[in-house]
file structure-v9.tsv (TSV, C-alpha atoms)
chain	number	residue	atom	x	y	z
G	252	MET	CA	-73.97	40.81	-56.85
G	253	ALA	CA	-70.77	41.61	-54.93
G	254	ALA	CA	-68.00	39.01	-55.02
G	255	LEU	CA	-67.76	36.63	-52.09
G	256	LEU	CA	-64.06	37.48	-51.69
G	257	SER	CA	-62.44	40.61	-53.07
G	258	ILE	CA	-58.68	41.18	-52.73
G	259	ARG	CA	-57.20	44.57	-53.57
G	260	GLY	CA	-53.53	45.57	-53.47
G	261	LEU	CA	-52.56	42.76	-51.10
G	262	LYS	CA	-48.93	42.76	-49.99
G	263	THR	CA	-47.41	40.22	-47.59
G	264	HIS	CA	-43.77	40.82	-46.74
G	265	PHE	CA	-41.13	39.10	-44.62
G	266	GLY	CA	-38.47	41.18	-42.89
G	267	THR	CA	-35.17	39.27	-42.87
G	268	PRO	CA	-31.55	40.23	-42.06
G	269	GLU	CA	-30.85	40.10	-45.81
G	270	GLY	CA	-33.73	42.43	-46.68
G	271	VAL	CA	-37.49	42.46	-47.23
G	272	VAL	CA	-38.93	39.44	-49.01
G	273	ARG	CA	-42.00	40.60	-50.96
G	274	ALA	CA	-43.72	37.21	-51.10
G	275	VAL	CA	-47.06	38.75	-52.16
G	276	ASP	CA	-46.53	42.06	-53.87
G	277	GLY	CA	-49.79	43.75	-54.82
G	278	ILE	CA	-52.52	41.29	-55.79
G	279	ASP	CA	-56.03	42.02	-57.07
G	280	LEU	CA	-58.39	39.02	-57.18
G	281	GLU	CA	-62.05	38.15	-56.82
G	282	VAL	CA	-63.84	34.89	-56.06
G	283	GLN	CA	-67.47	34.81	-57.13
G	284	ARG	CA	-70.13	32.94	-55.16
G	285	GLY	CA	-70.40	29.31	-56.15
G	286	SER	CA	-67.55	29.51	-58.69
G	287	THR	CA	-64.07	27.97	-58.92
G	288	LEU	CA	-61.04	30.24	-59.23
G	289	CYS	CA	-57.81	28.42	-60.06
G	290	VAL	CA	-54.56	30.18	-59.12
G	291	VAL	CA	-51.69	28.80	-61.17
G	292	GLY	CA	-47.96	29.38	-61.41
G	293	GLU	CA	-44.58	27.79	-60.76
G	294	SER	CA	-43.26	27.09	-57.28
G	295	GLY	CA	-42.09	30.36	-55.77
G	296	SER	CA	-44.84	32.42	-57.41
G	297	GLY	CA	-46.49	33.28	-54.07
G	298	LYS	CA	-49.68	31.24	-54.51
G	299	SER	CA	-49.64	29.55	-51.11
G	300	MET	CA	-48.57	32.70	-49.28
G	301	MET	CA	-51.47	34.57	-50.84
G	302	ALA	CA	-53.85	31.84	-49.65
G	303	ARG	CA	-52.40	31.87	-46.15
G	304	SER	CA	-52.77	35.65	-46.05
G	305	ILE	CA	-56.52	35.29	-46.62
G	306	LEU	CA	-56.82	33.30	-43.39
G	307	GLN	CA	-54.14	35.26	-41.48
G	308	ILE	CA	-51.98	32.15	-40.98
G	309	VAL	CA	-48.72	33.64	-42.26
G	310	SER	CA	-45.74	32.49	-40.20
G	311	ARG	CA	-43.58	35.12	-38.55
G	312	PRO	CA	-41.83	37.31	-39.50
G	313	GLY	CA	-44.30	37.54	-42.38
G	314	ARG	CA	-47.18	40.00	-42.17
G	315	ILE	CA	-49.71	41.78	-44.34
G	316	VAL	CA	-48.36	45.27	-44.93
G	317	ALA	CA	-50.93	46.68	-47.38
G	318	GLY	CA	-54.18	46.00	-49.16
G	319	SER	CA	-57.62	44.67	-48.28
G	320	ILE	CA	-59.29	41.24	-48.20
G	321	ARG	CA	-63.04	41.82	-48.13
G	322	PHE	CA	-65.21	38.80	-47.37
G	323	ALA	CA	-69.00	39.09	-47.70
G	324	ARG	CA	-70.93	35.98	-46.74
G	325	ASP	CA	-74.67	36.08	-47.52
G	326	GLY	CA	-76.68	37.98	-44.94
G	327	ARG	CA	-73.69	39.45	-43.14
G	328	PRO	CA	-71.86	42.78	-43.53
G	329	ALA	CA	-68.60	42.51	-45.47
G	330	VAL	CA	-65.50	42.34	-43.28
G	331	ASP	CA	-61.95	43.31	-44.22
G	332	ILE	CA	-59.75	40.44	-43.03
G	333	ALA	CA	-56.41	42.17	-43.71
G	334	PRO	CA	-56.28	44.41	-40.61
G	335	LEU	CA	-57.64	41.80	-38.18
G	336	ASP	CA	-55.50	40.47	-35.33
G	337	PRO	CA	-54.31	37.01	-36.53
G	338	LYS	CA	-55.03	35.65	-33.04
G	339	GLY	CA	-58.22	37.61	-32.44
G	340	ALA	CA	-61.73	36.25	-31.98
G	341	GLU	CA	-63.04	37.80	-35.21
G	342	ILE	CA	-60.64	36.02	-37.57
G	343	ARG	CA	-60.88	32.78	-35.57
G	344	ALA	CA	-64.63	32.83	-36.10
G	345	ILE	CA	-64.15	33.21	-39.87
G	346	ARG	CA	-61.29	30.71	-40.09
G	347	GLY	CA	-62.74	27.22	-40.44
G	348	ARG	CA	-66.37	28.27	-40.24
G	349	ASP	CA	-66.80	30.68	-43.16
G	350	ILE	CA	-63.51	30.03	-44.99
G	351	ALA	CA	-61.88	26.60	-44.78
G	352	MET	CA	-58.56	25.39	-46.17
G	353	ILE	CA	-57.11	22.03	-47.16
G	354	PHE	CA	-53.43	21.45	-47.78
G	355	GLN	CA	-51.21	19.26	-49.96
G	356	GLU	CA	-50.11	16.88	-47.21
G	357	PRO	CA	-52.82	16.06	-44.64
G	358	MET	CA	-50.35	14.33	-42.30
G	359	ASN	CA	-48.88	17.77	-41.61
G	360	SER	CA	-52.32	19.13	-40.70
G	361	LEU	CA	-53.92	16.24	-38.82
G	362	SER	CA	-52.85	15.45	-35.28
G	363	PRO	CA	-51.18	12.02	-35.12
G	364	VAL	CA	-52.15	11.51	-31.45
G	365	HIS	CA	-55.88	12.24	-31.72
G	366	SER	CA	-58.49	10.17	-33.49
G	367	ILE	CA	-60.21	11.44	-36.62
G	368	GLY	CA	-63.44	11.71	-34.64
G	369	ASN	CA	-61.91	13.80	-31.86
G	370	GLN	CA	-60.46	16.26	-34.35
G	371	LEU	CA	-63.70	16.58	-36.30
G	372	VAL	CA	-65.88	16.90	-33.21
G	373	GLU	CA	-63.66	19.54	-31.59
G	374	LYS	CA	-63.78	21.67	-34.73
G	375	ILE	CA	-67.57	21.44	-34.91
G	376	LEU	CA	-67.96	22.30	-31.22
G	377	LEU	CA	-65.61	25.27	-31.66
G	378	HIS	CA	-67.87	26.90	-34.25
G	379	HIS	CA	-71.37	25.66	-33.34
G	380	ARG	CA	-73.37	25.72	-30.13
G	381	ILE	CA	-74.49	22.11	-30.15
G	382	GLY	CA	-74.03	19.17	-27.80
G	383	ARG	CA	-71.30	16.57	-28.18
G	384	LYS	CA	-73.71	13.86	-29.37
G	385	ALA	CA	-74.99	16.15	-32.14
G	386	ALA	CA	-71.39	17.02	-33.01
G	387	VAL	CA	-70.49	13.33	-33.28
G	388	ASP	CA	-73.50	12.79	-35.56
G	389	ARG	CA	-72.40	15.70	-37.75
G	390	ALA	CA	-68.81	14.37	-37.85
G	391	ALA	CA	-70.03	10.95	-39.02
G	392	GLU	CA	-72.23	12.65	-41.59
G	393	ALA	CA	-69.23	14.65	-42.86
G	394	LEU	CA	-67.16	11.48	-43.32
G	395	ASP	CA	-70.06	9.83	-45.11
G	396	ARG	CA	-70.43	12.79	-47.49
G	397	VAL	CA	-66.81	12.49	-48.63
G	398	GLY	CA	-67.20	8.78	-49.38
G	399	ILE	CA	-65.47	7.19	-46.39
G	400	PRO	CA	-67.05	3.78	-45.78
G	401	ASP	CA	-68.40	2.87	-42.34
G	402	PRO	CA	-68.00	6.46	-41.07
G	403	ARG	CA	-69.03	5.70	-37.48
G	404	ARG	CA	-66.21	3.19	-37.13
G	405	ARG	CA	-63.72	5.49	-38.85
G	406	LEU	CA	-64.30	8.17	-36.22
G	407	SER	CA	-62.10	6.12	-33.89
G	408	SER	CA	-59.31	5.71	-36.47
G	409	TYR	CA	-56.03	7.64	-36.37
G	410	PRO	CA	-54.49	9.37	-39.42
G	411	PHE	CA	-51.64	6.85	-39.76
G	412	GLU	CA	-54.20	4.08	-40.21
G	413	LEU	CA	-55.53	5.63	-43.42
G	414	SER	CA	-54.16	5.81	-46.96
G	415	GLY	CA	-53.12	9.14	-48.49
G	416	GLY	CA	-56.36	9.44	-50.43
G	417	MET	CA	-58.45	8.62	-47.35
G	418	ARG	CA	-56.55	11.18	-45.26
G	419	GLN	CA	-57.23	13.81	-47.91
G	420	ARG	CA	-60.93	12.90	-47.77
G	421	VAL	CA	-60.80	13.38	-43.99
G	422	MET	CA	-59.23	16.83	-44.51
G	423	ILE	CA	-62.05	17.71	-46.90
G	424	ALA	CA	-64.61	16.45	-44.39
G	425	MET	CA	-63.05	18.64	-41.68
G	426	ALA	CA	-63.03	21.62	-44.01
G	427	LEU	CA	-66.70	21.17	-44.92
G	428	ALA	CA	-68.02	20.14	-41.51
G	429	CYS	CA	-68.94	23.73	-40.70
G	430	ARG	CA	-70.35	24.36	-44.18
G	431	PRO	CA	-68.02	27.18	-45.29
G	432	ALA	CA	-68.87	29.65	-48.03
G	433	LEU	CA	-65.32	29.41	-49.44
G	434	LEU	CA	-62.97	26.44	-49.63
G	435	ILE	CA	-59.29	27.15	-50.31
G	436	ALA	CA	-57.53	24.06	-51.66
G	437	ASP	CA	-53.73	24.43	-51.74
G	438	GLU	CA	-52.29	21.74	-54.04
G	439	PRO	CA	-54.57	19.10	-52.47
G	440	THR	CA	-53.95	16.41	-55.11
G	441	THR	CA	-50.25	16.85	-55.90
G	442	ALA	CA	-49.05	14.01	-53.65
G	443	LEU	CA	-51.74	11.57	-54.84
G	444	ASP	CA	-51.70	9.05	-57.67
G	445	VAL	CA	-53.64	9.89	-60.83
G	446	THR	CA	-56.70	7.78	-60.01
G	447	THR	CA	-57.00	9.13	-56.47
G	448	GLN	CA	-56.42	12.66	-57.77
G	449	ALA	CA	-59.34	12.30	-60.18
G	450	ASN	CA	-61.55	10.97	-57.37
G	451	ILE	CA	-60.70	13.91	-55.11
G	452	LEU	CA	-61.40	16.44	-57.87
G	453	GLU	CA	-64.76	14.79	-58.57
G	454	LEU	CA	-65.55	14.83	-54.86
G	455	ILE	CA	-64.80	18.55	-54.48
G	456	LYS	CA	-66.92	19.35	-57.54
G	457	ALA	CA	-69.83	17.24	-56.28
G	458	LEU	CA	-69.71	18.86	-52.84
G	459	GLN	CA	-69.51	22.29	-54.45
G	460	ASP	CA	-72.63	21.55	-56.51
G	461	GLU	CA	-74.38	20.27	-53.38
G	462	THR	CA	-73.49	23.12	-51.01
G	463	GLY	CA	-73.03	26.09	-53.36
G	464	MET	CA	-69.65	26.99	-51.87
G	465	ALA	CA	-66.96	28.81	-53.84
G	466	VAL	CA	-63.55	27.22	-54.36
G	467	MET	CA	-60.10	28.77	-54.70
G	468	PHE	CA	-57.92	25.97	-56.09
G	469	ILE	CA	-54.16	26.53	-56.04
G	470	THR	CA	-52.09	24.37	-58.36
G	471	HIS	CA	-49.25	24.23	-60.86
G	472	ASP	CA	-51.10	21.60	-62.91
G	473	LEU	CA	-52.75	23.19	-65.93
G	474	GLY	CA	-54.51	19.94	-66.72
G	475	VAL	CA	-56.41	20.24	-63.43
G	476	VAL	CA	-57.12	23.90	-64.19
G	477	ALA	CA	-58.63	23.04	-67.57
G	478	GLU	CA	-60.87	20.48	-65.90
G	479	ILE	CA	-62.33	22.46	-63.00
G	480	ALA	CA	-61.80	26.23	-63.39
G	481	ASP	CA	-64.39	28.91	-64.07
G	482	GLU	CA	-61.83	31.70	-63.66
G	483	VAL	CA	-58.02	31.56	-63.76
G	484	ALA	CA	-55.37	33.79	-62.21
G	485	VAL	CA	-51.75	33.33	-63.32
G	486	MET	CA	-49.21	34.34	-60.66
G	487	TYR	CA	-45.53	35.12	-61.04
G	488	LEU	CA	-43.15	36.35	-58.33
G	489	GLY	CA	-45.88	37.52	-55.96
G	490	ARG	CA	-48.11	39.13	-58.56
G	491	VAL	CA	-51.02	38.26	-60.80
G	492	VAL	CA	-49.83	38.74	-64.38
G	493	GLU	CA	-53.00	37.58	-66.17
G	494	ARG	CA	-56.54	36.70	-65.12
G	495	GLY	CA	-59.80	35.94	-66.85
G	496	SER	CA	-62.25	33.18	-67.64
G	497	ALA	CA	-60.79	29.69	-68.07
G	498	ASP	CA	-61.96	29.64	-71.68
G	499	ARG	CA	-60.21	32.94	-72.45
G	500	ILE	CA	-56.97	31.99	-70.71
G	501	PHE	CA	-56.71	28.70	-72.59
G	502	THR	CA	-57.88	29.89	-76.01
G	503	ASP	CA	-56.48	33.45	-76.06
G	504	PRO	CA	-53.58	33.71	-73.56
G	505	GLN	CA	-51.83	37.06	-73.72
G	506	HIS	CA	-49.04	37.31	-71.15
G	507	PRO	CA	-45.74	35.73	-72.28
G	508	TYR	CA	-45.60	33.79	-68.99
G	509	THR	CA	-49.05	32.28	-69.55
G	510	LEU	CA	-48.07	31.38	-73.10
G	511	ALA	CA	-44.88	29.73	-71.84
G	512	LEU	CA	-46.78	27.73	-69.22
G	513	LEU	CA	-49.23	26.45	-71.82
G	514	ARG	CA	-46.45	25.55	-74.27
G	515	SER	CA	-44.72	23.50	-71.58
G	516	ILE	CA	-47.67	21.09	-71.22
G	517	PRO	CA	-46.85	17.70	-72.78
G	518	LYS	CA	-49.27	16.96	-75.61
G	519	LEU	CA	-50.72	13.47	-75.27
G	520	GLY	CA	-50.44	11.81	-78.66
G	521	GLY	CA	-48.81	14.87	-80.17
G	522	ARG	CA	-46.12	14.42	-82.81
G	523	ARG	CA	-42.60	15.52	-81.98
G	524	GLU	CA	-39.44	15.44	-83.98
G	525	ARG	CA	-37.15	12.66	-82.87
G	526	GLY	CA	-34.83	13.83	-80.12
G	527	ARG	CA	-36.61	17.15	-79.66
G	528	ARG	CA	-37.07	18.18	-76.04
G	529	LEU	CA	-40.33	19.33	-74.52
G	530	ASP	CA	-40.74	23.11	-74.39
G	531	ALA	CA	-39.65	24.54	-71.06
G	532	ILE	CA	-39.49	28.02	-69.62
G	533	ALA	CA	-35.91	29.28	-69.58
G	534	GLY	CA	-34.37	29.88	-66.18
G	535	MET	CA	-36.13	29.77	-62.83
G	536	VAL	CA	-38.38	32.00	-60.75
G	537	PRO	CA	-35.99	34.47	-59.06
G	538	HIS	CA	-35.86	34.58	-55.27
G	539	PRO	CA	-38.03	37.49	-54.06
G	540	LEU	CA	-34.91	39.09	-52.56
G	541	ASN	CA	-33.43	39.22	-56.08
G	542	ARG	CA	-36.49	40.61	-57.80
G	543	PRO	CA	-35.46	42.06	-61.18
G	544	PRO	CA	-36.31	45.69	-61.98
G	545	GLY	CA	-39.15	46.39	-64.36
G	546	CYS	CA	-41.44	43.53	-65.32
G	547	PRO	CA	-40.83	40.59	-62.94
G	548	PHE	CA	-40.76	38.16	-65.90
G	549	ASN	CA	-38.38	40.15	-68.11
G	550	THR	CA	-35.28	38.03	-67.33
G	551	ARG	CA	-37.00	34.91	-68.74
G	552	CYS	CA	-39.23	36.49	-71.37
G	553	PRO	CA	-38.42	35.84	-75.05
G	554	GLU	CA	-40.30	39.01	-76.03
G	555	ALA	CA	-38.65	41.39	-73.54
G	556	VAL	CA	-37.77	44.82	-74.95
G	557	ALA	CA	-34.50	46.27	-73.63
G	558	GLY	CA	-34.90	49.66	-72.04
G	559	LEU	CA	-38.61	49.10	-71.40
G	560	CYS	CA	-39.37	45.70	-69.87
G	561	ASP	CA	-36.23	45.77	-67.71
G	562	ARG	CA	-36.97	49.26	-66.39
G	563	VAL	CA	-40.70	49.91	-66.21
G	564	ASP	CA	-43.11	47.76	-64.23
G	565	PRO	CA	-46.23	47.17	-66.37
G	566	GLU	CA	-49.67	47.96	-64.99
G	567	MET	CA	-52.56	45.50	-65.07
G	568	ARG	CA	-54.89	46.47	-67.92
G	569	GLU	CA	-58.19	45.17	-69.24
G	570	LEU	CA	-57.35	43.52	-72.56
G	571	SER	CA	-60.95	42.59	-73.35
G	572	PRO	CA	-64.09	42.43	-71.18
G	573	GLY	CA	-63.21	40.42	-68.08
G	574	HIS	CA	-59.69	39.58	-69.32
G	575	PHE	CA	-56.74	41.37	-67.65
G	576	GLY	CA	-52.99	41.27	-68.20
G	577	ALA	CA	-49.83	43.08	-67.11
G	578	CYS	CA	-47.51	43.31	-70.12
G	579	HIS	CA	-46.06	46.27	-72.01
G	580	LEU	CA	-46.61	44.48	-75.31
G	581	ARG	CA	-50.29	43.74	-74.78
G	582	GLY	CA	-53.14	46.22	-74.76
G	583	PRO	CA	-56.89	46.33	-75.33
G	584	ALA	CA	-58.12	44.45	-78.39
G	585	GLY	CA	-57.02	46.23	-81.54
G	586	GLN	CA	-54.33	48.25	-79.77
G	587	ALA	CA	-50.65	47.60	-79.20
G	588	GLY	CA	-49.39	47.55	-75.66

call {"tool": "encode", "arguments": {"input": "structure-v9.tsv", "output": "structure tokens"}}
result
Amino acid sequence: MAALLSIRGLKTHFGTPEGVVRAVDGIDLEVQRGSTLCVVGESGSGKSMMARSILQIVSRPGRIVAGSIRFARDGRPAVDIAPLDPKGAEIRAIRGRDIAMIFQEPMNSLSPVHSIGNQLVEKILLHHRIGRKAAVDRAAEALDRVGIPDPRRRLSSYPFELSGGMRQRVMIAMALACRPALLIADEPTTALDVTTQANILELIKALQDETGMAVMFITHDLGVVAEIADEVAVMYLGRVVERGSADRIFTDPQHPYTLALLRSIPKLGGRRERGRRLDAIAGMVPHPLNRPPGCPFNTRCPEAVAGLCDRVDPEMRELSPGHFGACHLRGPAGQAG
């Protein structure tokens, strides 16, 4: 069966007086129906910009300059989102109805001057030809599904009257009110405490099991990835450097960046020499305007080979069935890179 979402060669660039910022620089990804793809990487890796490109909500002067984003909901012909007018009727019909998105900070997405009910009802009316009373009923049902007590009364509440966890539940309710085939969650639990984070993750998983939707979950938290992912894509400086099943990424990581990310996770209960610091990745993600030649990771890579990694950009290769990586030193099983 064809993937629900298939991204090929996606590039999203920003023209600035200083030069072209290649925020997304040639991404290949797929999201399978009913599955969870986690996209992981440090801040500045291009994860959020890739997600915004899918829904054509890239702020100016950013724009998609190459590639395709093919979306194929059941029973409908596949549509390539990349060339659509960001303000056109076709993408507006997809945005929110077929593909929904939730963000890290709901207060930046919810209107402070409109009640929760008004915002939910207006979204439902925008995408469905039903009366207002039916829309109100569906809005209350959506709040109930995400575990908000007394949902009818909460319809009249305003965002500032709710806690952070409750606001995030409202965002999830808004995202799911039109029963999308794909939910994009961009760091939705980062600003929440650990207990609330766990509750939100359980909620998304339960709703996914109930509705059959696919989830693209964007995060820098590998602990979350290990808990919820079916597939994992590791991004660095606007590119995917490794992708594969969650089991393969965690048990047999190949790209030096993936290895460095995994080594940097604190080990609960692990023994450390007294005074020894936690492993950290040397340096920082370069600004896209200062992209190094060759492999994007070569300036921070402990395995970089002079004259190769700093000159030649590695191609993405299949290392084993369903497991892909872009590194000169890694090749198919049994072969050197």

call {"tool": "closest_atom_pairs", "arguments": {"input": "structure-v9.tsv", "of": "range 280-383 of chain G", "to": "range 534-537 of chain G", "cutoff": "8 Å", "atoms": "all atoms listed in the file", "output": "Markdown table"}}
result
| residue | atom | partner | partner_atom | distance |
| --- | --- | --- | --- | --- |
| G:Glu293 | CA | G:Val536 | CA | 7.5 |
| G:Ser294 | CA | G:Val536 | CA | 7.7 |
| G:Gly295 | CA | G:Val536 | CA | 6.4 |
| G:Ser296 | CA | G:Val536 | CA | 7.3 |

call {"tool": "write_last_selection", "arguments": {"input": "structure-v9.tsv", "atoms": "C-alpha atoms", "output": "PDB file, in the frame of the given file"}}
result
ATOM      1  CA  GLU G 293     -44.580  27.790 -60.760  1.00  0.00           C
ATOM      2  CA  SER G 294     -43.260  27.090 -57.280  1.00  0.00           C
ATOM      3  CA  GLY G 295     -42.090  30.360 -55.770  1.00  0.00           C
ATOM      4  CA  SER G 296     -44.840  32.420 -57.410  1.00  0.00           C
TER       5      SER G 296
END

call {"tool": "atom_distance", "arguments": {"input": "structure-v9.tsv", "atom1": "CA of Gly292 in chain G", "atom2": "CA of Pro337 in chain G"}}
result
26.8 Å

call {"tool": "closest_residue", "arguments": {"input": "structure-v9.tsv", "among": "G:His538, G:Arg403, G:Arg514, G:Arg259", "to": "Leu488 in chain G", "atoms": "only C-alpha atoms"}}
result
G:His538

call {"tool": "residues_near_point", "arguments": {"input": "structure-v9.tsv", "point": "(-44.6, 43.1, -44.6)", "cutoff": "7 Å", "atoms": "all atoms listed in the file", "output": "PyMOL selection string"}}
result
chain G and resi 262-266+313-316

call {"tool": "closest_residue", "arguments": {"input": "structure-v9.tsv", "among": "G:Ile353, G:Ile367, G:Ala465, G:Ile278", "to": "Thr440 in chain G", "atoms": "all atoms listed in the file"}}
result
G:Ile353

call {"tool": "atom_distance", "arguments": {"input": "structure-v9.tsv", "atom1": "CA of Pro507 in chain G", "atom2": "CA of Ile320 in chain G"}}
result
28.2 Å

call {"tool": "residues_around", "arguments": {"input": "structure-v9.tsv", "residues": "range 381-387 of chain G", "least_positions_apart": "2", "cutoff": "10 Å", "atoms": "all atoms listed in the file", "output": "PDB file with C-alpha atoms, keeping the file's coordinate frame"}}
result
ATOM      1  CA  GLY G 368     -63.440  11.710 -34.640  1.00  0.00           C
ATOM      2  CA  ASN G 369     -61.910  13.800 -31.860  1.00  0.00           C
ATOM      3  CA  LEU G 371     -63.700  16.580 -36.300  1.00  0.00           C
ATOM      4  CA  VAL G 372     -65.880  16.900 -33.210  1.00  0.00           C
ATOM      5  CA  GLU G 373     -63.660  19.540 -31.590  1.00  0.00           C
ATOM      6  CA  LYS G 374     -63.780  21.670 -34.730  1.00  0.00           C
ATOM      7  CA  ILE G 375     -67.570  21.440 -34.910  1.00  0.00           C
ATOM      8  CA  LEU G 376     -67.960  22.300 -31.220  1.00  0.00           C
ATOM      9  CA  LEU G 377     -65.610  25.270 -31.660  1.00  0.00           C
ATOM     10  CA  HIS G 378     -67.870  26.900 -34.250  1.00  0.00           C
ATOM     11  CA  HIS G 379     -71.370  25.660 -33.340  1.00  0.00           C
ATOM     12  CA  ARG G 389     -72.400  15.700 -37.750  1.00  0.00           C
ATOM     13  CA  ALA G 390     -68.810  14.370 -37.850  1.00  0.00           C
ATOM     14  CA  ALA G 391     -70.030  10.950 -39.020  1.00  0.00           C
ATOM     15  CA  GLU G 392     -72.230  12.650 -41.590  1.00  0.00           C
ATOM     16  CA  ALA G 393     -69.230  14.650 -42.860  1.00  0.00           C
ATOM     17  CA  ARG G 403     -69.030   5.700 -37.480  1.00  0.00           C
ATOM     18  CA  LEU G 406     -64.300   8.170 -36.220  1.00  0.00           C
ATOM     19  CA  ALA G 428     -68.020  20.140 -41.510  1.00  0.00           C
TER      20      ALA G 428
END

call {"tool": "atom_distance", "arguments": {"input": "structure-v9.tsv", "atom1": "CA of Gly463 in chain G", "atom2": "CA of Leu433 in chain G"}}
result
9.3 Å

call {"tool": "residues_around", "arguments": {"input": "structure-v9.tsv", "residues": "Leu512 in chain G", "least_positions_apart": "4", "cutoff": "12 Å", "atoms": "all atoms listed in the file", "output": "MDAnalysis selection string"}}
result
chainID G and resid 291:293 471:474 485:487 500:501 504:508 516:517 529:533 552

call {"tool": "closest_residue", "arguments": {"input": "structure-v9.tsv", "among": "G:Ile332, G:Leu580, G:Val364, G:Val445", "to": "Phe411 in chain G", "atoms": "only C-alpha atoms"}}
result
G:Val364

call {"tool": "closest_residue", "arguments": {"input": "structure-v9.tsv", "among": "G:Arg542, G:Arg420, G:Arg348, G:Arg499", "to": "Glu453 in chain G", "atoms": "all atoms listed in the file"}}
result
G:Arg420

call {"tool": "residues_around", "arguments": {"input": "structure-v9.tsv", "residues": "Ala457 in chain G", "least_positions_apart": "6", "cutoff": "10 Å", "atoms": "only C-alpha atoms", "output": "short mmCIF file (atom, residue, chain, number, x, y, z; two decimals) with C-alpha atoms, in the frame of the given file"}}
result
data_model
loop_
_atom_site.label_atom_id
_atom_site.label_comp_id
_atom_site.auth_asym_id
_atom_site.auth_seq_id
_atom_site.Cartn_x
_atom_site.Cartn_y
_atom_site.Cartn_z
CA ARG G 396 -70.43 12.79 -47.49
CA VAL G 397 -66.81 12.49 -48.63
CA ILE G 451 -60.70 13.91 -55.11
CA GLY G 463 -73.03 26.09 -53.36
#

call {"tool": "closest_residue", "arguments": {"input": "structure-v9.tsv", "among": "G:Ala432, G:Met301, G:Asp395, G:Leu361", "to": "Gln459 in chain G", "atoms": "all atoms listed in the file"}}
result
G:Ala432

call {"tool": "axis_aligned_box", "arguments": {"input": "structure-v9.tsv", "around": "range 563-577 of chain G", "padding_each_side": "5 Å", "output": "JSON"}}
result
{"center_x": -52.4, "center_y": 44.7, "center_z": -68.8, "size_x": 33.4, "size_y": 20.3, "size_z": 19.1}

call {"tool": "residues_around", "arguments": {"input": "structure-v9.tsv", "residues": "Glu493 in chain G", "least_positions_apart": "6", "cutoff": "6 Å", "atoms": "all atoms listed in the file", "output": "JSON, numbers by chain"}}
result
{"G": [484, 485, 575, 576]}

call {"tool": "write_last_selection", "arguments": {"input": "structure-v9.tsv", "atoms": "C-alpha atoms", "output": "tab-separated table (two decimals), in the coordinates of the input"}}
result
chain	number	residue	atom	x	y	z
G	484	ALA	CA	-55.37	33.79	-62.21
G	485	VAL	CA	-51.75	33.33	-63.32
G	575	PHE	CA	-56.74	41.37	-67.65
G	576	GLY	CA	-52.99	41.27	-68.20

call {"tool": "closest_residue", "arguments": {"input": "structure-v9.tsv", "among": "G:Gly398, G:Pro312, G:Gly489, G:Pro547", "to": "Ser299 in chain G", "atoms": "only C-alpha atoms"}}
result
G:Gly489

call {"tool": "residues_around", "arguments": {"input": "structure-v9.tsv", "residues": "Arg418 in chain G", "least_positions_apart": "5", "cutoff": "10 Å", "atoms": "only C-alpha atoms", "output": "PyMOL selection string"}}
result
chain G and resi 356-358+361+367+399+409-413+423-424

call {"tool": "residues_near_point", "arguments": {"input": "structure-v9.tsv", "point": "(-56.0, 17.5, -50.9)", "cutoff": "10 Å", "atoms": "all atoms listed in the file", "output": "ChimeraX atom specification"}}
result
/G:352-357,415-423,436-443,448,451-452,455
